[in-house]
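Since the structure comes first, as structure tokens, the remarks are kept for the end.
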Amino acid sequence: MRRSHAAISPSRASKCECGAMRLSHRACPSCGKYNGRVILDIVAQAEREQRRTRRKDKALRESGQVTESKEPAQT
Ligand SMILES: [Zn+2]
């Protein structure tokens with residue numbers, strides 16, 4: 001009886017104008033828009049992520065922990 005109000009309500013998902021599902025009151029993770037305006041710089045974010053993974057790959061290869069590279073072998 002006492003905890004009747006303590007139930008977890010399901011998280012509200014809505015559809016973004018780009019077509020992806022996003023949480024309401026959150027910026028869309030795929031296009032970075034919120035309320036029709038671009039809030040997140042998705043392009044810069046992707047570039048940053050790419051640079052980070054590339055650097056990590058390089059570090060791993062140099063340290064010899066990864067023997068084979070993900071890229072197709074050049075012959
Ligand atoms: Zn979107």
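So you can find residues: chains in the structure tokens are A, B, ... in the order shown, residues in each start at 1, and ligands are numbered from 1 in order.
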Exercise: Ser11 of chain A partners within 12 Å, only C-alpha atoms, chain neighbours under 4 positions left out, as a VMD selection string: chain A and resid 22 to 26
Dump as a Markdown table the rows for residues of chain A within 10 Å of ligand 1: closest atom pair and distance in Å with one decimal, only C-alpha atoms and all ligand atoms counted, ordered by chain and rising residue number.
```
| residue | atom | partner | partner_atom_place_in_ligand_line | distance |
| --- | --- | --- | --- | --- |
| A:Lys15 | CA | ligand 1 | 1 (Zn) | 7.9 |
| A:Cys16 | CA | ligand 1 | 1 (Zn) | 4.6 |
| A:Glu17 | CA | ligand 1 | 1 (Zn) | 5.6 |
| A:Cys18 | CA | ligand 1 | 1 (Zn) | 4.2 |
| A:Gly19 | CA | ligand 1 | 1 (Zn) | 6.3 |
| A:Ala20 | CA | ligand 1 | 1 (Zn) | 5.6 |
| A:Met21 | CA | ligand 1 | 1 (Zn) | 7.5 |
| A:Arg22 | CA | ligand 1 | 1 (Zn) | 7.3 |
| A:Ala27 | CA | ligand 1 | 1 (Zn) | 7.8 |
| A:Cys28 | CA | ligand 1 | 1 (Zn) | 4.6 |
| A:Pro29 | CA | ligand 1 | 1 (Zn) | 6.6 |
| A:Ser30 | CA | ligand 1 | 1 (Zn) | 5.2 |
| A:Cys31 | CA | ligand 1 | 1 (Zn) | 4.1 |
| A:Gly32 | CA | ligand 1 | 1 (Zn) | 6.0 |
| A:Lys33 | CA | ligand 1 | 1 (Zn) | 5.7 |
| A:Tyr34 | CA | ligand 1 | 1 (Zn) | 7.9 |
| A:Asn35 | CA | ligand 1 | 1 (Zn) | 10.0 |
| A:Gly36 | CA | ligand 1 | 1 (Zn) | 9.1 |
| A:Val38 | CA | ligand 1 | 1 (Zn) | 9.3 |
```
All helix (DSSP H, G or I) residues (DSSP, backbone) inside chain A, as JSON, numbers by chain: {"A": [2, 3, 4, 5, 42, 43, 44, 45, 46, 47, 48, 49, 50, 51, 52, 53, 54, 55, 56, 57, 58, 59, 60, 61, 62, 63]}
DSSP strand (DSSP E or B) residues within chain A, listed as a list of chain:residue names: A:Ala13, A:Ser14, A:Lys15, A:Met21, A:Arg22, A:Leu23, A:Lys33, A:Tyr34, A:Arg37, A:Val38
Keeping only N, CA and C atoms, write the selected residues as a PDB file, in the first residue's frame.
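Below is the file result_25.pdb, written as the result:
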```
ATOM      1  N   ALA A  13       9.910   7.286 -25.017  1.00  0.00           N
ATOM      2  CA  ALA A  13      10.667   7.440 -26.256  1.00  0.00           C
ATOM      3  C   ALA A  13       9.766   8.083 -27.293  1.00  0.00           C
ATOM      4  N   SER A  14      10.334   8.957 -28.061  1.00  0.00           N
ATOM      5  CA  SER A  14       9.562   9.566 -29.132  1.00  0.00           C
ATOM      6  C   SER A  14      10.389   9.532 -30.407  1.00  0.00           C
ATOM      7  N   LYS A  15       9.751   9.823 -31.495  1.00  0.00           N
ATOM      8  CA  LYS A  15      10.449   9.757 -32.768  1.00  0.00           C
ATOM      9  C   LYS A  15      10.999  11.137 -33.119  1.00  0.00           C
ATOM     10  N   MET A  21      14.643   6.925 -33.109  1.00  0.00           N
ATOM     11  CA  MET A  21      13.980   7.019 -31.815  1.00  0.00           C
ATOM     12  C   MET A  21      14.889   7.766 -30.850  1.00  0.00           C
ATOM     13  N   ARG A  22      14.307   8.608 -30.052  1.00  0.00           N
ATOM     14  CA  ARG A  22      15.095   9.305 -29.043  1.00  0.00           C
ATOM     15  C   ARG A  22      14.238   9.487 -27.804  1.00  0.00           C
ATOM     16  N   LEU A  23      14.891   9.716 -26.686  1.00  0.00           N
ATOM     17  CA  LEU A  23      14.165   9.980 -25.460  1.00  0.00           C
ATOM     18  C   LEU A  23      13.664  11.418 -25.477  1.00  0.00           C
ATOM     19  N   LYS A  33      19.809  16.910 -32.846  1.00  0.00           N
ATOM     20  CA  LYS A  33      18.850  18.003 -32.770  1.00  0.00           C
ATOM     21  C   LYS A  33      18.005  17.896 -31.512  1.00  0.00           C
ATOM     22  N   TYR A  34      17.644  19.038 -31.008  1.00  0.00           N
ATOM     23  CA  TYR A  34      16.680  19.088 -29.919  1.00  0.00           C
ATOM     24  C   TYR A  34      15.754  20.254 -30.180  1.00  0.00           C
ATOM     25  N   ARG A  37      16.435  22.428 -33.223  1.00  0.00           N
ATOM     26  CA  ARG A  37      17.732  23.082 -33.372  1.00  0.00           C
ATOM     27  C   ARG A  37      18.839  22.055 -33.199  1.00  0.00           C
ATOM     28  N   VAL A  38      19.958  22.265 -33.873  1.00  0.00           N
ATOM     29  CA  VAL A  38      21.100  21.366 -33.720  1.00  0.00           C
ATOM     30  C   VAL A  38      21.830  21.734 -32.432  1.00  0.00           C
TER      31      VAL A  38
END
```
One-decimal distance in Å that lies between atom CA of Arg61 of chain A and atom CA of Arg48 of chain A: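 Atom-to-atom, atom CA of Arg48 of chain A to atom CA of Arg61 of chain A, that is 20.0 Å.
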Atomic distance atom CA of Val43 of chain A - atom CA of Lys56 of chain A, expressed in Å with one decimal: 20.0 Å
